[in-house]
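Data from target11.csv: CSV, C-alpha atoms
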```csv
chain,number,residue,atom,x,y,z
A,8,MET,CA,-40.1,8.1,-1.8
A,9,VAL,CA,-38.7,11.4,-2.9
A,10,VAL,CA,-35.4,12.8,-1.6
A,11,ASN,CA,-33.9,16.3,-1.8
A,12,CYS,CA,-30.3,17.4,-2.4
A,13,GLU,CA,-29.3,17.4,1.3
A,14,GLN,CA,-30.6,13.8,1.7
A,15,VAL,CA,-28.6,12.8,-1.4
A,16,TRP,CA,-25.4,14.3,0.0
A,17,ARG,CA,-25.9,12.7,3.4
A,18,GLU,CA,-26.3,9.3,1.9
A,19,ILE,CA,-23.9,9.6,-1.1
A,20,SER,CA,-21.1,7.8,0.7
A,21,ASN,CA,-23.4,4.9,1.8
A,22,TYR,CA,-24.8,4.8,-1.7
A,23,LEU,CA,-21.4,4.4,-3.2
A,24,ASP,CA,-20.6,1.7,-0.7
A,25,GLY,CA,-23.8,-0.2,-1.6
A,26,GLU,CA,-25.1,0.4,1.9
A,27,VAL,CA,-28.5,1.9,1.2
A,28,ASP,CA,-31.7,-0.1,0.8
A,29,SER,CA,-33.3,-0.5,-2.6
A,30,GLU,CA,-36.0,2.1,-2.0
A,31,LEU,CA,-33.6,4.8,-1.0
A,32,ARG,CA,-31.3,3.9,-3.9
A,33,ALA,CA,-34.1,4.2,-6.4
A,34,ALA,CA,-35.1,7.6,-4.9
A,35,MET,CA,-31.6,8.9,-5.0
A,36,GLU,CA,-31.1,7.8,-8.6
A,37,GLU,CA,-34.3,9.4,-9.5
A,38,HIS,CA,-33.2,12.7,-7.9
A,39,VAL,CA,-29.7,12.7,-9.4
A,40,ARG,CA,-31.1,12.2,-12.9
A,41,GLY,CA,-32.8,15.5,-12.7
A,42,CYS,CA,-30.2,17.5,-10.6
A,43,GLN,CA,-27.0,18.7,-12.2
A,44,HIS,CA,-25.4,19.6,-8.9
A,45,CYS,CA,-26.0,16.2,-7.4
A,46,THR,CA,-24.8,14.5,-10.5
A,47,ALA,CA,-21.5,16.5,-10.2
A,48,VAL,CA,-21.2,15.6,-6.6
A,49,LEU,CA,-21.9,11.9,-7.1
A,50,GLU,CA,-19.5,11.6,-10.0
A,51,GLY,CA,-16.9,13.7,-8.3
A,52,THR,CA,-17.0,11.6,-5.2
A,53,ARG,CA,-16.9,8.4,-7.3
A,54,ASN,CA,-13.8,9.9,-9.0
A,55,VAL,CA,-12.2,10.6,-5.6
A,56,ILE,CA,-12.7,7.0,-4.5
A,57,GLN,CA,-11.4,5.6,-7.7
A,58,LEU,CA,-8.3,7.8,-7.8
A,59,TYR,CA,-7.2,7.3,-4.2
A,60,GLY,CA,-7.9,3.6,-4.4
A,61,ASP,CA,-5.5,3.2,-7.2
A,62,GLU,CA,-2.3,1.3,-6.3
A,63,ARG,CA,-0.2,4.1,-7.8
A,64,MET,CA,-1.3,6.3,-5.0
A,65,MET,CA,0.6,4.1,-2.5
A,66,GLU,CA,4.1,5.3,-3.2
A,67,VAL,CA,7.0,4.5,-1.0
A,68,PRO,CA,10.3,6.4,-0.9
A,69,LEU,CA,13.1,5.1,-3.1
A,70,GLY,CA,14.9,2.2,-1.3
A,71,PHE,CA,12.1,1.7,1.2
A,72,SER,CA,11.9,-2.0,0.7
A,73,ARG,CA,15.7,-2.5,0.8
A,74,ARG,CA,16.0,-0.5,4.1
A,75,LEU,CA,13.1,-2.4,5.6
A,76,HIS,CA,14.7,-5.7,4.8
A,77,GLN,CA,18.0,-4.6,6.2
A,78,ARG,CA,16.3,-3.5,9.4
A,79,LEU,CA,14.5,-6.8,9.6
A,80,GLU,CA,17.7,-8.8,9.0
A,81,SER,CA,19.6,-7.0,11.7
A,82,ASP,CA,16.8,-7.3,14.2
A,83,LEU,CA,16.1,-10.9,13.3
A,84,SER,CA,19.7,-11.9,13.7
A,85,SER,CA,19.8,-10.3,17.2
A,86,SER,CA,16.6,-12.1,18.1
A,87,ARG,CA,17.6,-15.3,16.3
A,88,ARG,CA,18.5,-16.9,19.7
A,89,SER,CA,15.0,-16.5,21.0
A,90,PHE,CA,13.7,-17.5,17.6
A,91,VAL,CA,15.7,-20.7,17.8
A,92,GLY,CA,13.9,-21.2,21.0
A,93,TRP,CA,10.6,-21.5,19.3
A,94,ALA,CA,12.0,-23.8,16.7
A,95,VAL,CA,13.5,-26.0,19.2
A,96,ALA,CA,10.3,-26.2,21.2
A,97,ALA,CA,8.6,-27.4,18.1
A,98,ALA,CA,11.5,-29.7,17.0
A,99,ALA,CA,11.8,-31.2,20.4
A,100,SER,CA,8.2,-32.4,20.5
A,101,LEU,CA,8.8,-34.1,17.2
A,102,LEU,CA,12.1,-35.6,18.3
A,103,VAL,CA,11.0,-36.9,21.6
A,104,ALA,CA,9.8,-40.2,20.3
A,105,GLY,CA,12.5,-40.9,17.7
A,106,GLY,CA,15.2,-39.3,19.8
A,107,ILE,CA,14.8,-41.6,22.7
A,108,ALA,CA,15.2,-44.6,20.5
A,109,VAL,CA,18.4,-43.2,19.0
A,110,ALA,CA,19.7,-42.3,22.4
A,111,ARG,CA,19.1,-45.8,23.7
A,112,SER,CA,21.0,-47.4,20.8
A,113,SER,CA,23.8,-44.9,21.2
A,114,VAL,CA,27.3,-46.3,21.6
A,115,PHE,CA,28.4,-43.5,23.8
A,116,SER,CA,28.7,-44.6,27.4
A,117,HIS,CA,31.9,-43.1,28.7
A,118,PRO,CA,31.2,-40.6,31.4
A,119,SER,CA,34.0,-38.2,30.6
A,120,LEU,CA,32.9,-34.8,29.4
A,121,ARG,CA,32.9,-33.9,25.7
A,122,SER,CA,34.7,-30.7,26.4
A,123,GLU,CA,37.6,-30.2,28.7
A,124,HIS,CA,36.3,-26.7,29.5
A,125,SER,CA,32.9,-27.9,30.7
A,126,ARG,CA,31.9,-28.2,34.3
A,127,PRO,CA,30.0,-31.4,35.1
A,128,SER,CA,26.4,-31.5,36.3
A,129,SER,CA,25.2,-32.2,39.7
A,130,HIS,CA,21.8,-33.2,41.0
A,131,VAL,CA,20.1,-33.1,37.6
A,132,PRO,CA,16.8,-35.0,37.9
A,133,PRO,CA,17.7,-38.2,36.0
A,134,ASP,CA,14.4,-38.4,34.1
A,135,MET,CA,14.2,-34.8,33.0
A,136,MET,CA,14.0,-34.5,29.3
A,137,VAL,CA,16.9,-32.4,27.8
A,138,ILE,CA,17.9,-31.4,24.4
A,139,VAL,CA,21.3,-32.3,22.9
A,140,ALA,CA,22.9,-31.9,19.5
A,141,ASN,CA,24.7,-34.9,18.2
A,142,ASP,CA,28.0,-33.0,17.8
A,143,GLY,CA,27.3,-30.6,20.7
A,144,LYS,CA,28.9,-30.6,24.1
A,145,THR,CA,26.1,-29.4,26.3
A,146,PHE,CA,22.5,-30.3,27.2
A,147,HIS,CA,19.7,-27.8,27.4
A,148,VAL,CA,16.1,-27.4,28.3
A,149,SER,CA,13.8,-27.3,25.3
A,150,GLY,CA,13.7,-23.8,23.9
A,151,CYS,CA,17.1,-22.6,25.3
A,152,PRO,CA,18.4,-19.8,23.2
A,153,PHE,CA,21.9,-21.3,23.3
A,154,ILE,CA,20.9,-24.2,21.2
A,155,HIS,CA,22.4,-23.5,17.8
A,156,ASP,CA,22.3,-26.5,15.7
A,157,LYS,CA,18.6,-27.1,15.3
A,158,THR,CA,18.8,-29.8,12.6
A,159,ARG,CA,20.4,-32.6,14.6
A,160,LEU,CA,18.8,-32.4,17.9
A,161,ARG,CA,17.7,-35.1,20.2
A,162,ALA,CA,15.5,-35.1,23.3
A,163,ILE,CA,16.9,-37.5,25.8
A,164,ARG,CA,16.8,-38.1,29.5
A,165,ALA,CA,19.3,-36.1,31.6
A,166,GLN,CA,20.8,-39.2,32.9
A,167,GLU,CA,21.6,-40.4,29.4
A,168,ALA,CA,23.0,-37.0,28.4
A,169,GLU,CA,25.4,-37.2,31.4
A,170,LYS,CA,26.4,-40.7,30.4
A,171,GLU,CA,27.2,-39.5,26.9
A,172,GLY,CA,29.4,-36.8,28.3
A,173,TYR,CA,27.2,-33.8,27.8
A,174,ALA,CA,27.7,-31.0,30.3
A,175,PRO,CA,24.9,-28.6,31.5
A,176,CYS,CA,24.4,-25.5,29.5
A,177,VAL,CA,25.7,-22.5,31.3
A,178,ARG,CA,22.5,-20.6,30.6
A,179,CYS,CA,19.5,-22.8,30.9
A,180,MET,CA,21.1,-25.5,33.2
A,181,LYS,CA,23.0,-23.1,35.4
A,182,LYS,CA,21.5,-24.4,38.6
A,183,TYR,CA,22.7,-27.9,37.8
A,184,ILE,CA,26.3,-27.0,37.2
A,185,ASP,CA,28.5,-28.5,39.9
A,186,ALA,CA,29.9,-25.4,41.5
A,187,THR,CA,32.5,-27.4,43.4
A,188,ALA,CA,34.1,-28.8,40.2
A,189,SER,CA,36.9,-26.8,38.7
A,190,SER,CA,36.8,-25.8,35.2
A,191,ARG,CA,39.6,-24.9,32.9
A,192,PRO,CA,41.0,-22.5,32.1
A,193,SER,CA,39.0,-20.2,34.3
A,194,ASN,CA,35.6,-19.8,35.8
A,195,ASP,CA,34.7,-17.2,33.3
A,196,GLU,CA,31.3,-18.2,32.1
A,197,ARG,CA,31.5,-16.0,29.1
A,198,LEU,CA,34.3,-18.1,27.8
A,199,ASN,CA,32.3,-21.2,28.6
A,200,GLU,CA,29.4,-19.9,26.7
A,201,ASN,CA,31.5,-19.1,23.7
A,202,THR,CA,33.2,-22.5,23.6
A,203,HIS,CA,30.4,-24.8,24.6
A,204,LEU,CA,27.5,-23.7,22.6
A,205,GLY,CA,25.3,-26.4,21.1
B,8,MET,CA,-18.2,-1.3,-4.0
B,9,ALA,CA,-18.2,-4.3,-1.7
B,10,ALA,CA,-17.7,-3.6,1.9
B,11,GLY,CA,-16.0,-6.9,2.6
B,12,THR,CA,-12.6,-8.1,1.5
B,13,GLY,CA,-10.5,-5.8,-0.5
B,14,PRO,CA,-9.4,-6.5,-4.0
B,15,LEU,CA,-5.9,-7.2,-2.9
B,16,GLU,CA,-6.5,-10.5,-1.3
B,17,HIS,CA,-8.2,-13.7,-2.4
B,18,PRO,CA,-9.1,-16.9,-0.4
B,19,ALA,CA,-6.2,-18.7,-2.1
B,20,GLN,CA,-3.8,-16.0,-0.9
B,21,GLN,CA,-5.2,-16.2,2.6
B,22,ASP,CA,-4.5,-20.0,2.6
B,23,TYR,CA,-1.0,-19.3,1.4
B,24,GLU,CA,-0.5,-16.8,4.1
B,25,GLN,CA,-1.7,-19.2,6.7
B,26,ARG,CA,0.9,-21.7,5.6
B,27,LEU,CA,3.6,-19.0,5.6
B,28,ILE,CA,2.6,-18.0,9.1
B,29,GLN,CA,2.8,-21.6,10.3
B,30,ARG,CA,6.3,-21.9,8.8
B,31,ILE,CA,7.4,-18.8,10.6
B,32,ARG,CA,5.9,-20.1,13.9
B,33,ASP,CA,7.8,-23.3,13.3
B,34,GLY,CA,11.0,-21.3,13.2
B,35,GLU,CA,11.5,-20.6,9.5
B,36,HIS,CA,11.7,-16.9,9.9
B,37,GLU,CA,12.9,-16.2,6.4
B,38,ALA,CA,9.3,-16.9,5.4
B,39,PHE,CA,8.3,-13.6,7.0
B,40,TYR,CA,9.9,-11.6,4.2
B,41,GLU,CA,7.5,-13.4,1.8
B,42,LEU,CA,4.6,-12.8,4.0
B,43,ILE,CA,5.0,-9.1,4.3
B,44,ARG,CA,6.2,-8.2,0.8
B,45,PRO,CA,2.7,-7.6,-0.7
B,46,TYR,CA,1.9,-5.3,2.2
B,47,GLU,CA,5.0,-3.1,2.6
B,48,ARG,CA,3.4,-0.3,0.8
B,49,ARG,CA,0.2,-0.4,2.7
B,50,VAL,CA,2.0,-0.3,6.0
B,51,TYR,CA,3.9,2.7,4.9
B,52,ALA,CA,0.7,4.4,3.5
B,53,ALA,CA,-1.1,3.9,6.9
B,54,ALA,CA,1.9,5.3,8.8
B,55,LEU,CA,2.2,8.3,6.4
B,56,ALA,CA,-1.5,9.1,6.7
B,57,LEU,CA,-1.2,9.6,10.4
B,58,LEU,CA,2.3,11.1,10.6
B,59,ARG,CA,2.5,13.1,7.4
B,60,ASN,CA,6.2,13.0,7.3
B,61,ASP,CA,8.3,10.6,5.1
B,62,ALA,CA,11.0,9.8,7.6
B,63,ASP,CA,8.7,9.3,10.5
B,64,ALA,CA,6.4,7.1,8.4
B,65,GLU,CA,9.3,5.0,7.2
B,66,ASP,CA,10.6,4.4,10.7
B,67,CYS,CA,7.1,3.7,12.0
B,68,ALA,CA,6.5,1.2,9.2
B,69,GLN,CA,9.7,-0.6,9.9
B,70,GLU,CA,8.8,-0.8,13.6
B,71,ALA,CA,5.3,-2.0,12.8
B,72,VAL,CA,6.7,-4.8,10.6
B,73,LEU,CA,9.1,-5.8,13.3
B,74,LYS,CA,6.3,-5.9,15.9
B,75,ALA,CA,4.3,-8.0,13.6
B,76,PHE,CA,7.1,-10.5,13.4
B,77,LYS,CA,7.7,-10.6,17.1
B,78,ASN,CA,4.0,-11.1,17.8
B,79,ILE,CA,3.2,-13.4,15.0
B,80,ARG,CA,2.0,-16.0,17.5
B,81,GLN,CA,-0.7,-13.7,18.6
B,82,PHE,CA,-2.2,-13.4,15.2
B,83,ARG,CA,-5.6,-15.2,15.0
B,84,SER,CA,-6.5,-16.7,11.7
B,85,GLU,CA,-10.1,-15.4,11.8
B,86,ALA,CA,-8.7,-12.0,10.8
B,87,ARG,CA,-6.9,-11.0,7.7
B,88,PHE,CA,-3.2,-10.8,8.1
B,89,SER,CA,-3.2,-7.5,6.2
B,90,THR,CA,-5.7,-6.0,8.6
B,91,TRP,CA,-3.8,-7.1,11.6
B,92,LEU,CA,-0.6,-5.7,10.2
B,93,ILE,CA,-2.2,-2.4,9.4
B,94,GLN,CA,-3.7,-2.2,12.8
B,95,ILE,CA,-0.2,-2.6,14.3
B,96,ALA,CA,1.0,0.2,12.0
B,97,ILE,CA,-1.9,2.4,13.1
B,98,ASN,CA,-1.2,1.8,16.8
B,99,GLU,CA,2.5,2.5,16.3
B,100,ALA,CA,1.8,5.7,14.4
B,101,ARG,CA,-0.7,6.9,17.0
B,102,MET,CA,1.8,6.3,19.8
B,103,ARG,CA,4.4,8.3,17.9
B,104,ARG,CA,1.9,11.1,17.2
B,105,ARG,CA,1.0,11.3,20.9
B,106,ARG,CA,4.7,11.4,21.8
B,107,GLN,CA,5.3,14.2,19.2
B,108,ARG,CA,2.5,16.2,20.6
B,109,THR,CA,3.7,15.8,24.1
B,110,ASP,CA,7.2,16.9,23.0
B,111,LEU,CA,5.9,19.9,21.1
B,112,MET,CA,3.1,20.7,23.5
B,113,GLU,CA,0.8,20.7,20.6
B,114,PRO,CA,-2.9,20.6,21.4
B,115,ILE,CA,-4.8,17.6,20.1
B,116,GLU,CA,-6.5,18.6,16.9
B,117,GLN,CA,-9.6,20.7,17.7
B,118,GLU,CA,-11.6,19.5,14.7
B,119,GLN,CA,-13.7,16.9,16.4
B,120,ARG,CA,-17.1,17.9,15.1
B,121,GLU,CA,-18.8,15.0,13.4
B,122,ASP,CA,-21.5,16.8,11.7
B,123,SER,CA,-22.8,14.9,8.8
B,124,SER,CA,-24.4,17.9,7.2
B,125,TYR,CA,-21.9,19.1,4.7
B,126,ALA,CA,-22.9,21.0,1.6
B,127,PRO,CA,-20.7,20.1,-1.3
B,128,ARG,CA,-19.6,23.1,-3.3
B,129,GLU,CA,-21.2,23.8,-6.6
B,130,PHE,CA,-18.8,24.2,-9.5
B,131,ALA,CA,-19.9,25.7,-12.8
B,132,ASP,CA,-17.8,23.2,-14.5
B,133,TRP,CA,-16.3,20.2,-12.8
B,134,ARG,CA,-13.9,17.9,-14.4
B,135,GLU,CA,-13.1,14.3,-13.7
B,136,ILE,CA,-9.5,13.3,-13.3
B,137,PRO,CA,-8.8,10.2,-15.4
B,138,SER,CA,-6.9,7.4,-13.7
B,139,GLU,CA,-4.2,7.7,-16.4
B,140,ALA,CA,-3.3,11.0,-14.9
B,141,LEU,CA,-1.9,9.1,-11.9
B,142,GLU,CA,1.1,8.2,-14.1
B,143,ARG,CA,2.2,11.8,-13.5
B,144,LYS,CA,4.1,12.3,-10.3
B,145,GLU,CA,2.8,15.9,-10.1
B,146,VAL,CA,-0.8,14.6,-10.1
B,147,ARG,CA,-0.1,12.1,-7.4
B,148,GLU,CA,1.6,14.8,-5.3
B,149,ARG,CA,-1.4,17.0,-5.7
B,150,LEU,CA,-3.8,14.3,-4.6
B,151,ALA,CA,-1.5,13.6,-1.6
B,152,ALA,CA,-1.5,17.2,-0.7
B,153,ALA,CA,-5.3,17.4,-0.8
B,154,LEU,CA,-5.5,14.4,1.5
B,155,GLY,CA,-3.0,16.0,3.8
B,156,SER,CA,-5.0,19.1,4.1
B,157,ILE,CA,-8.2,17.5,5.5
B,158,GLY,CA,-8.6,16.9,9.2
B,159,GLU,CA,-6.8,14.1,10.8
B,160,ILE,CA,-10.0,12.2,11.9
B,161,TYR,CA,-11.2,12.2,8.4
B,162,ARG,CA,-7.9,11.4,6.8
B,163,GLU,CA,-7.5,8.3,9.0
B,164,VAL,CA,-10.8,6.8,8.0
B,165,PHE,CA,-10.4,7.7,4.4
B,166,VAL,CA,-7.0,6.1,4.1
B,167,LEU,CA,-8.0,2.9,5.8
B,168,ARG,CA,-11.3,2.5,3.9
B,169,ASP,CA,-10.6,3.9,0.5
B,170,MET,CA,-6.8,3.4,0.1
B,171,GLU,CA,-6.2,0.4,2.3
B,172,GLN,CA,-9.5,-1.1,1.2
B,173,LEU,CA,-10.5,-2.2,4.7
B,174,SER,CA,-14.2,-2.8,5.3
B,175,ILE,CA,-16.3,-0.4,7.4
B,176,ASP,CA,-16.1,-2.8,10.4
B,177,GLU,CA,-12.3,-3.3,10.0
B,178,THR,CA,-11.8,0.4,9.9
B,179,ALA,CA,-13.9,0.9,13.0
B,180,LYS,CA,-11.9,-1.7,14.9
B,181,ALA,CA,-8.5,-0.4,13.7
B,182,LEU,CA,-9.3,3.1,14.9
B,183,GLY,CA,-11.3,2.1,18.0
B,184,ILE,CA,-14.4,4.0,16.9
B,185,SER,CA,-18.0,3.0,16.0
B,186,THR,CA,-19.1,2.0,12.5
B,187,ALA,CA,-21.5,5.0,12.6
B,188,SER,CA,-18.5,7.3,13.2
B,189,VAL,CA,-16.6,5.6,10.3
B,190,LYS,CA,-19.5,6.3,8.0
B,191,THR,CA,-19.9,9.9,9.0
B,192,ARG,CA,-16.3,10.7,8.8
B,193,LEU,CA,-15.9,8.8,5.5
B,194,LEU,CA,-18.7,10.8,4.0
B,195,ARG,CA,-17.2,14.0,5.1
B,196,ALA,CA,-13.7,13.0,3.9
B,197,ARG,CA,-14.9,12.0,0.5
B,198,LEU,CA,-17.0,15.2,0.0
B,199,MET,CA,-14.1,17.4,1.1
B,200,LEU,CA,-11.7,15.7,-1.2
B,201,ARG,CA,-14.2,16.0,-4.0
B,202,ASP,CA,-14.5,19.7,-3.4
B,203,LEU,CA,-10.8,20.0,-3.5
B,204,LEU,CA,-10.5,18.0,-6.7
B,205,ALA,CA,-13.6,18.8,-8.6
B,206,PRO,CA,-12.4,21.8,-10.5
B,207,GLY,CA,-9.9,19.4,-12.1
B,208,LEU,CA,-6.2,19.7,-12.2
B,209,GLY,CA,-6.2,23.0,-14.0
B,210,GLY,CA,-8.4,24.4,-11.3
B,211,SER,CA,-7.7,26.6,-8.4
B,212,TRP,CA,-7.9,24.0,-5.6
B,213,SER,CA,-4.2,23.4,-5.3
B,214,ARG,CA,-3.7,27.1,-4.4
B,215,ASN,CA,-6.4,27.0,-1.8
B,216,LEU,CA,-4.8,24.2,0.3
B,217,SER,CA,-3.8,25.2,3.8
B,218,PHE,CA,-0.9,23.4,5.3
B,219,ALA,CA,0.4,23.8,8.8
B,220,LYS,CA,3.7,25.6,8.7
B,221,GLY,CA,6.7,23.3,8.4
B,222,GLU,CA,4.6,20.3,7.8
B,223,LYS,CA,5.2,18.3,4.7
B,224,PRO,CA,2.0,18.0,2.6
B,225,TRP,CA,0.9,14.4,2.7
```

Translate the structure described by the file into structure tokens.
Amino acid sequence: MVVNCEQVWREISNYLDGEVDSELRAAMEEHVRGCQHCTAVLEGTRNVIQLYGDERMMEVPLGFSRRLHQRLESDLSSSRRSFVGWAVAAAASLLVAGGIAVARSSVFSHPSLRSEHSRPSSHVPPDMMVIVANDGKTFHVSGCPFIHDKTRLRAIRAQEAEKEGYAPCVRCMKKYIDATASSRPSNDERLNENTHLG
Amino acid sequence: MAAGTGPLEHPAQQDYEQRLIQRIRDGEHEAFYELIRPYERRVYAAALALLRNDADAEDCAQEAVLKAFKNIRQFRSEARFSTWLIQIAINEARMRRRRQRTDLMEPIEQEQREDSSYAPREFADWREIPSEALERKEVRERLAAALGSIGEIYREVFVLRDMEQLSIDETAKALGISTASVKTRLLRARLMLRDLLAPGLGGSWSRNLSFAKGEKPW
């Protein structure tokens, strides 16, 4: 096999990428040995690949990394709630088994609410699994963005949560809040949200 | 040069990344910083290759990284994380470029010919640029300027393949083109850059570069 300059140029990139068969490779090498122009093109192209492939060519502006991390941090903190949702979904599945046992042995049995600002629940399916934090005041569905304390969570039946004095979360359990019950000091949900998280 | 995995990642690193990704999915989002740290520069380089403007590239890179975080559950472990991340950056940059063009009523680049017949120039005396020269900022700027002067379709392929070290297949997927197109464009890009650089740093190539007005050389 004999190749000319044009054929060498056409295949030079594939040659450098190791993507030509052995016969063509040998023919190209044979041609390049005797051709000054093709030698210069081959070596020059190799030089280009080597230079641009160098890590030093990937410069970032001064402070790039710091600014990126700042942006991430501010965005992550605003999406932390939804992020906690993921965490809780995972944590809940782990906690279901152990959590039920803990709940059953719990000494809490008084029905009064843990927070005087909460509104009690109504018509919650008693066997629905809900998430509570040991020192929290409300119960949630798994993955609710209002669950803050993700380290001490338990998954228990709604009936047990009610018995322990947990009130429905104003976000995820909204439909089970007893609308007829009065809440103090006002019906302002925002206040409820702020005081009853977790 | 192998067409497969780039030199920046090893199997052990990929295992490590998989564990980091699992931790992030389990809610430990701080692990994300560690996951992206090795690739920050590559994300920026990909964005810059398309946008050719420092500020736009930085904003685009930040946005791409945030998108990667938000969509981490969609990442499939068959792919390399770096490739996935760069793909997000490319998509983001392309979206911005389209938006810019619409705003400026700029026509899409005309240079769509994919002719593989390209005759490299003959220089009486060509000089190799040694890697050590990259220590000099001025040299890096000249190389960046040369890259910025070649057509967009060539620059994209060249950056992904020869700078980001993606394989031919990965480059094709990232850009949504065929592997044959990647090869043709890559050849052309490499030869054009060689023509620009072959006279060496003392040569005349830097004077011959044509930049669009008001555009920062890459």

Set the cut-off to 7 Å and count all atoms listed in the file: what are the residues of chain B that reach chain A? Output as a PDB file with C-alpha atoms, in the frame of the given file.
```
ATOM      1  CA  MET B   8     -18.200  -1.300  -4.000  1.00  0.00           C
ATOM      2  CA  ALA B   9     -18.200  -4.300  -1.700  1.00  0.00           C
ATOM      3  CA  ALA B  10     -17.700  -3.600   1.900  1.00  0.00           C
ATOM      4  CA  ASP B  33       7.800 -23.300  13.300  1.00  0.00           C
ATOM      5  CA  GLY B  34      11.000 -21.300  13.200  1.00  0.00           C
ATOM      6  CA  ARG B  48       3.400  -0.300   0.800  1.00  0.00           C
ATOM      7  CA  ARG B  49       0.200  -0.400   2.700  1.00  0.00           C
ATOM      8  CA  TYR B  51       3.900   2.700   4.900  1.00  0.00           C
ATOM      9  CA  ALA B  52       0.700   4.400   3.500  1.00  0.00           C
ATOM     10  CA  GLN B  69       9.700  -0.600   9.900  1.00  0.00           C
ATOM     11  CA  LEU B  73       9.100  -5.800  13.300  1.00  0.00           C
ATOM     12  CA  SER B 123     -22.800  14.900   8.800  1.00  0.00           C
ATOM     13  CA  SER B 124     -24.400  17.900   7.200  1.00  0.00           C
ATOM     14  CA  PRO B 127     -20.700  20.100  -1.300  1.00  0.00           C
ATOM     15  CA  GLU B 129     -21.200  23.800  -6.600  1.00  0.00           C
ATOM     16  CA  TRP B 133     -16.300  20.200 -12.800  1.00  0.00           C
ATOM     17  CA  GLU B 135     -13.100  14.300 -13.700  1.00  0.00           C
ATOM     18  CA  ILE B 136      -9.500  13.300 -13.300  1.00  0.00           C
ATOM     19  CA  SER B 138      -6.900   7.400 -13.700  1.00  0.00           C
ATOM     20  CA  LEU B 141      -1.900   9.100 -11.900  1.00  0.00           C
ATOM     21  CA  ARG B 147      -0.100  12.100  -7.400  1.00  0.00           C
ATOM     22  CA  ASP B 169     -10.600   3.900   0.500  1.00  0.00           C
ATOM     23  CA  MET B 170      -6.800   3.400   0.100  1.00  0.00           C
ATOM     24  CA  LEU B 194     -18.700  10.800   4.000  1.00  0.00           C
ATOM     25  CA  ARG B 197     -14.900  12.000   0.500  1.00  0.00           C
ATOM     26  CA  LEU B 198     -17.000  15.200   0.000  1.00  0.00           C
ATOM     27  CA  LEU B 200     -11.700  15.700  -1.200  1.00  0.00           C
ATOM     28  CA  ARG B 201     -14.200  16.000  -4.000  1.00  0.00           C
ATOM     29  CA  ALA B 205     -13.600  18.800  -8.600  1.00  0.00           C
TER      30      ALA B 205
END
```

- Query: Which residue, B:Arg195, B:Arg32, B:Lys77, B:Arg105, has the smallest gap to Tyr161 of chain B when you use all atoms listed in the file?
  - Reply: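 Comparing B:Arg195, B:Arg32, B:Lys77, B:Arg105 against Tyr161 of chain B, the winner is B:Arg195.
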
- Task: Tell me, in Å to one decimal, how far atom CA of Arg73 of chain A is from atom CA of Glu41 of chain B.
- Result: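 Computing it gives 13.7 Å between the two atoms.
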
- Message: Would you pick out the contacts of Val166 of chain B at 10 Å or less, using only C-alpha atoms, so that residues sharing its chain but fewer than 6 positions from it are not included, and give the list as a ChimeraX atom specification?
- Response: /A:59-60 /B:49,52-53,55-57,154,172-173,178,193,196

- If you count only C-alpha atoms, which residues fall within 9 Å of Asn98 of chain B, apart from same-chain ones fewer than 6 positions away, as a list in words?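 That gives Ala71, Ala181 and Leu182 of chain B.
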
Would you output that residue set with C-alpha atoms, as a PDB file, in the frame of the given file?
```pdb
ATOM      1  CA  ALA B  71       5.300  -2.000  12.800  1.00  0.00           C
ATOM      2  CA  ALA B 181      -8.500  -0.400  13.700  1.00  0.00           C
ATOM      3  CA  LEU B 182      -9.300   3.100  14.900  1.00  0.00           C
TER       4      LEU B 182
END
```

- Using all atoms listed in the file, find the one residue out of A:Met8, A:Arg161, A:Lys144, A:Leu69 that sits nearest to Asp61 of chain B. A:Leu69
